[in-house]
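This is target_14.tsv (TSV, C-alpha atoms and all ligand atoms).
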```
chain	number	residue	atom	x	y	z
H	7	MET	CA	86.43	84.76	115.70
H	8	SER	CA	84.98	82.56	118.43
H	9	SER	CA	81.67	83.63	119.87
H	10	PHE	CA	81.39	85.42	123.17
H	11	GLN	CA	79.02	83.92	125.73
H	12	TYR	CA	79.43	86.87	128.08
H	13	CYS	CA	79.73	90.56	127.36
H	14	PRO	CA	83.42	91.49	126.94
H	15	HIS	CA	82.60	94.97	128.31
H	16	CYS	CA	80.54	94.27	131.43
H	17	GLY	CA	80.48	90.48	131.89
H	18	HIS	CA	76.71	90.13	131.60
H	19	ALA	CA	75.42	87.03	129.74
H	20	LEU	CA	74.66	87.81	126.10
H	21	THR	CA	71.17	87.37	124.68
H	22	ALA	CA	70.11	86.49	121.13
H	23	LEU	CA	68.23	89.48	119.71
H	24	PRO	CA	66.95	90.33	116.24
H	25	LEU	CA	69.09	93.29	115.14
H	26	SER	CA	69.64	94.70	111.65
H	27	GLY	CA	68.04	91.76	109.91
H	28	ARG	CA	69.74	88.94	111.80
H	29	GLU	CA	69.79	87.32	115.18
H	30	ARG	CA	72.82	88.69	117.06
H	31	MET	CA	74.27	88.05	120.48
H	32	ALA	CA	73.85	91.30	122.37
H	33	CYS	CA	74.21	92.66	125.89
H	34	VAL	CA	70.93	93.83	127.42
H	35	GLN	CA	72.51	95.28	130.57
H	36	ASP	CA	71.42	98.89	131.08
H	37	GLY	CA	73.91	101.34	129.63
H	38	CYS	CA	76.10	98.74	127.90
H	39	GLY	CA	74.76	98.09	124.39
H	40	PHE	CA	77.48	95.69	123.23
H	41	VAL	CA	76.51	93.74	120.10
H	42	GLN	CA	78.58	90.90	118.70
H	43	TRP	CA	78.28	91.80	115.02
H	44	ASP	CA	80.60	88.97	113.99
H	45	ASN	CA	81.64	90.70	110.77
H	46	PRO	CA	84.24	88.97	108.58
H	47	LEU	CA	87.83	89.83	109.40
H	48	PRO	CA	89.99	91.13	106.53
H	49	VAL	CA	93.06	89.02	105.77
H	50	LEU	CA	95.89	90.11	103.52
H	51	ALA	CA	97.34	87.65	101.03
H	52	ALA	CA	100.31	88.02	98.70
H	53	VAL	CA	100.92	86.35	95.35
H	54	VAL	CA	104.67	86.92	95.63
H	55	GLU	CA	106.63	87.06	92.40
H	56	TYR	CA	110.31	86.54	93.10
H	57	ASP	CA	112.95	85.90	90.48
H	58	GLY	CA	110.22	85.17	87.88
H	59	ARG	CA	108.54	82.55	90.03
H	60	LEU	CA	105.77	82.48	92.61
H	61	LEU	CA	106.62	81.95	96.26
H	62	LEU	CA	104.57	79.49	98.29
H	63	ALA	CA	105.24	78.92	101.97
H	64	ARG	CA	104.48	76.15	104.41
H	65	ASN	CA	103.43	77.01	107.92
H	66	ALA	CA	105.31	75.04	110.57
H	67	ALA	CA	102.00	73.65	111.86
H	68	TRP	CA	100.89	72.29	108.47
H	69	PRO	CA	101.32	68.89	106.81
H	70	ALA	CA	104.48	68.43	104.73
H	71	HIS	CA	102.80	68.80	101.34
H	72	MET	CA	100.73	71.89	102.10
H	73	PHE	CA	101.95	75.23	100.78
H	74	ALA	CA	100.09	78.51	100.51
H	75	LEU	CA	100.41	82.23	99.97
H	76	VAL	CA	101.96	84.54	102.53
H	77	THR	CA	99.04	85.90	104.55
H	78	GLY	CA	98.49	88.00	107.63
H	79	PHE	CA	96.20	90.36	109.46
H	80	LEU	CA	96.08	94.07	109.02
H	81	GLU	CA	97.33	96.11	111.96
H	82	ARG	CA	95.53	99.18	113.26
H	83	GLY	CA	96.69	102.33	111.47
H	84	GLU	CA	98.14	100.46	108.52
H	85	THR	CA	97.13	100.55	104.85
H	86	PRO	CA	96.57	97.10	103.32
H	87	GLU	CA	99.47	97.72	100.92
H	88	ASP	CA	101.80	98.50	103.84
H	89	GLY	CA	100.38	95.53	105.74
H	90	VAL	CA	101.07	93.02	103.01
H	91	ALA	CA	104.61	94.39	102.56
H	92	ARG	CA	105.19	94.13	106.33
H	93	GLU	CA	103.90	90.56	106.48
H	94	LEU	CA	106.15	89.60	103.58
H	95	LYS	CA	109.17	91.13	105.33
H	96	GLU	CA	108.34	89.49	108.66
H	97	GLU	CA	107.73	86.04	107.20
H	98	THR	CA	110.33	85.84	104.41
H	99	ASN	CA	112.68	88.84	104.82
H	100	LEU	CA	111.82	89.90	101.25
H	101	ASP	CA	111.23	93.51	100.29
H	102	ALA	CA	108.09	94.46	98.35
H	103	GLU	CA	109.04	96.40	95.22
H	104	THR	CA	105.51	96.78	93.85
H	105	VAL	CA	102.17	95.98	95.46
H	106	SER	CA	99.03	95.84	93.30
H	107	LEU	CA	95.53	94.59	94.05
H	108	ILE	CA	94.41	91.31	92.47
H	109	GLY	CA	90.99	91.19	94.08
H	110	VAL	CA	88.86	90.55	97.13
H	111	TYR	CA	87.69	87.01	97.91
H	112	GLU	CA	85.27	85.44	100.31
H	113	PHE	CA	86.50	82.95	102.89
H	114	MET	CA	83.26	82.30	104.73
H	115	ARG	CA	84.52	79.09	106.26
H	116	LYS	CA	86.65	81.18	108.65
H	117	ASN	CA	84.47	84.30	108.55
H	118	GLU	CA	87.28	86.13	106.77
H	119	LEU	CA	87.56	88.34	103.71
H	120	ILE	CA	90.73	87.95	101.68
H	121	ILE	CA	92.35	91.01	100.14
H	122	ALA	CA	94.88	89.64	97.66
H	123	TYR	CA	97.83	91.52	96.22
H	124	HIS	CA	100.43	90.79	93.61
H	125	VAL	CA	103.77	91.65	95.19
H	126	ARG	CA	106.99	91.82	93.21
H	127	ALA	CA	109.68	91.06	95.75
H	128	SER	CA	113.45	91.25	95.99
H	129	GLY	CA	116.10	90.41	98.58
H	130	THR	CA	117.21	87.23	100.30
H	131	ILE	CA	114.71	84.73	101.65
H	132	VAL	CA	115.00	84.09	105.39
H	133	LEU	CA	111.95	82.36	106.82
H	134	SER	CA	110.43	83.38	110.13
H	135	GLU	CA	109.90	80.77	112.84
H	136	GLU	CA	106.25	80.54	111.76
H	137	LEU	CA	107.28	79.06	108.42
H	138	ALA	CA	108.93	75.68	107.99
H	139	ASP	CA	109.63	75.72	104.25
H	140	TYR	CA	109.03	77.51	100.97
H	141	LYS	CA	109.11	76.75	97.28
H	142	LEU	CA	109.36	78.83	94.14
H	143	VAL	CA	107.05	77.69	91.37
H	144	ALA	CA	107.11	78.80	87.72
H	145	PRO	CA	103.71	80.37	86.91
H	146	GLU	CA	103.04	77.83	84.12
H	147	LYS	CA	103.60	75.00	86.62
H	148	MET	CA	101.25	76.32	89.31
H	149	ARG	CA	98.50	74.05	90.58
H	150	ILE	CA	95.84	75.81	92.58
H	151	TRP	CA	93.86	74.84	95.66
H	152	SER	CA	90.14	75.48	95.24
H	153	ALA	CA	89.39	77.88	98.08
H	154	GLY	CA	90.04	81.42	99.31
H	155	THR	CA	93.50	82.53	98.24
H	156	GLY	CA	93.58	79.90	95.46
H	157	PHE	CA	91.04	81.96	93.51
H	158	ALA	CA	93.35	84.98	93.71
H	159	VAL	CA	96.17	82.88	92.23
H	160	ALA	CA	93.78	81.70	89.50
H	161	ASP	CA	92.81	85.27	88.58
H	162	TRP	CA	96.46	86.34	88.56
H	163	LEU	CA	97.48	83.46	86.28
H	164	GLU	CA	94.45	83.87	84.01
H	165	ALA	CA	95.11	87.59	83.52
H	166	ARG	CA	98.61	86.74	82.25
H	167	GLY	CA	97.57	83.91	79.97
H	168	TYR	CA	98.97	81.09	82.12
H	169	PRO	CA	97.12	77.80	82.46
H	170	VAL	CA	94.72	77.64	85.41
H	171	ARG	CA	94.82	74.18	86.95
H	172	PHE	CA	93.04	73.38	90.18
H	173	PHE	CA	93.74	70.37	92.36
H	174	ASP	CA	92.11	68.73	95.36
H	175	ARG	CA	94.19	69.28	98.48
H	176	GLN	CA	93.02	66.00	99.98
H	177	THR	CA	93.67	63.69	97.05
H	178	GLY	CA	96.26	65.68	95.09
H	179	GLN	CA	94.25	65.03	91.90
H	180	ASP	CA	93.47	67.65	89.26
H	181	ILE	CA	89.87	68.85	89.39
H	182	PRO	CA	87.70	70.97	87.05
H	183	ASP	CA	87.73	74.72	87.57
H	184	PRO	CA	85.41	75.07	90.60
H	185	ARG	CA	84.61	78.65	89.66
H	186	ARG	CA	82.60	77.41	86.69
H	187	PRO	CA	81.07	74.13	87.81
H	188	TRP	CA	78.10	74.53	85.51
H	189	GLN	CA	77.54	76.63	82.41
H	190	PRO	CA	73.87	77.52	81.84
H	191	LEU	CA	72.56	77.19	78.29
H	192	PRO	CA	72.07	80.50	76.48
H	193	ALA	CA	68.52	81.79	76.91
H	194	ASP	CA	67.62	81.10	73.28
H	195	ALA	CA	69.08	77.59	73.15
H	196	THR	CA	66.73	74.69	72.53
H	197	LEU	CA	67.46	71.00	72.79
H	198	GLN	CA	67.14	69.52	69.34
H	199	TYR	CA	67.01	65.94	68.23
H	200	ARG	CA	69.24	65.45	65.19
H	201	PRO	CA	68.81	62.08	63.54
X	301	ZN	ZN	77.65	94.44	128.44
```

Structure translated into structure tokens:
Amino acid sequence: MSSFQYCPHCGHALTALPLSGRERMACVQDGCGFVQWDNPLPVLAAVVEYDGRLLLARNAAWPAHMFALVTGFLERGETPEDGVARELKEETNLDAETVSLIGVYEFMRKNELIIAYHVRASGTIVLSEELADYKLVAPEKMRIWSAGTGFAVADWLEARGYPVRFFDRQTGQDIPDPRRPWQPLPADATLQYRP
């Protein structure tokens, strides 16, 4: 979310104030009390299993090689399970048969929180105007981007015994698992010189 400079309630200029342990932009106009809390926004993501493969989609605004999970925002009055099923229907025309939680993942770069589901889907794929293309990838062939929704894919693959292979989206090269960049030595380990 972009930051407000002026109060969206009364139009007064916002002021930086220490509130609840952080500096926040707040409205000091009498009787208003607006505070821009700037909390992360929940985003729904779907690891879609269709015909034994995983569905990745390319947004019309993205480069040709870039594919990702189906994602979307939760609507007011909607459960996340209903929301992810709705997004899947809107974007691909597929019907969610089962919806189960994979996990919750940080995406601080966009001040979002990803709620990722495994969705078994059926039906006929018809892409919305938002999407330019899709591909179906066998789980054992998946290569994973090292951010946000990629970690949900990694956890899903790992739980089923599939290989977990990350790649760099810029270079296309395989990279080490970024979730374990460094393994600390066990507490009782000592470095020993062995001639
Ligand atoms: Zn105000």

Exercise for review: Name the closest residue to Lys141 in chain H among the candidates H:Arg92, H:Arg175, H:His71, H:Lys116; distances are taken between atoms, counting all atoms listed in the file.
Suggested key: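 Checking each candidate against Lys141 in chain H, we get H:His71 as the closest.
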
Check your understanding: Got a sec: who's within 7 Å of Val49 in chain H, counting all atoms listed in the file, leaving out chain neighbours fewer than 2 positions off, as a list in words?
Key ->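 So the residues in contact are Leu47, Ala51, Thr77, Gly78, Phe79, Leu80, Glu118, Leu119, Ile120 and Ile121 of chain H.
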
Can you write out the residues you just picked, keeping C-alpha atoms, as a JSON list (two decimals), in the coordinates of the input?
```
[["chain", "number", "residue", "atom", "x", "y", "z"],
["H", 47, "LEU", "CA", 87.83, 89.83, 109.40],
["H", 51, "ALA", "CA", 97.34, 87.65, 101.03],
["H", 77, "THR", "CA", 99.04, 85.90, 104.55],
["H", 78, "GLY", "CA", 98.49, 88.00, 107.63],
["H", 79, "PHE", "CA", 96.20, 90.36, 109.46],
["H", 80, "LEU", "CA", 96.08, 94.07, 109.02],
["H", 118, "GLU", "CA", 87.28, 86.13, 106.77],
["H", 119, "LEU", "CA", 87.56, 88.34, 103.71],
["H", 120, "ILE", "CA", 90.73, 87.95, 101.68],
["H", 121, "ILE", "CA", 92.35, 91.01, 100.14]]
```

Check your understanding: Using all atoms listed in the file, which residue out of H:Pro69, H:Gly129, H:Pro184, H:Gly37 lies closest to Ser152 in chain H?
Key ->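 With all atoms listed in the file as the atom set, the closest residue is H:Pro184.
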
Exercise for review: Name the residues, by chain letter and number, that sit within 8 Å of ligand ZN 301 (chain X) using only C-alpha atoms and all ligand atoms, and give them as a PyMOL selection string.
Suggested key: chain H and resi 12-20+32-35+37-40

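Using all atoms listed in the file for every distance, the candidate list H:Phe157, H:Tyr168, H:Val41, H:Pro86 yields H:Val41 as the residue closest to Leu23 in chain H.
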
Study note, to complete from the structure: In terms of all atoms listed in the file, the residue from H:Ala122, H:Arg186, H:Met114, H:Arg30 at minimal distance from Phe172 in chain H is H:Arg186
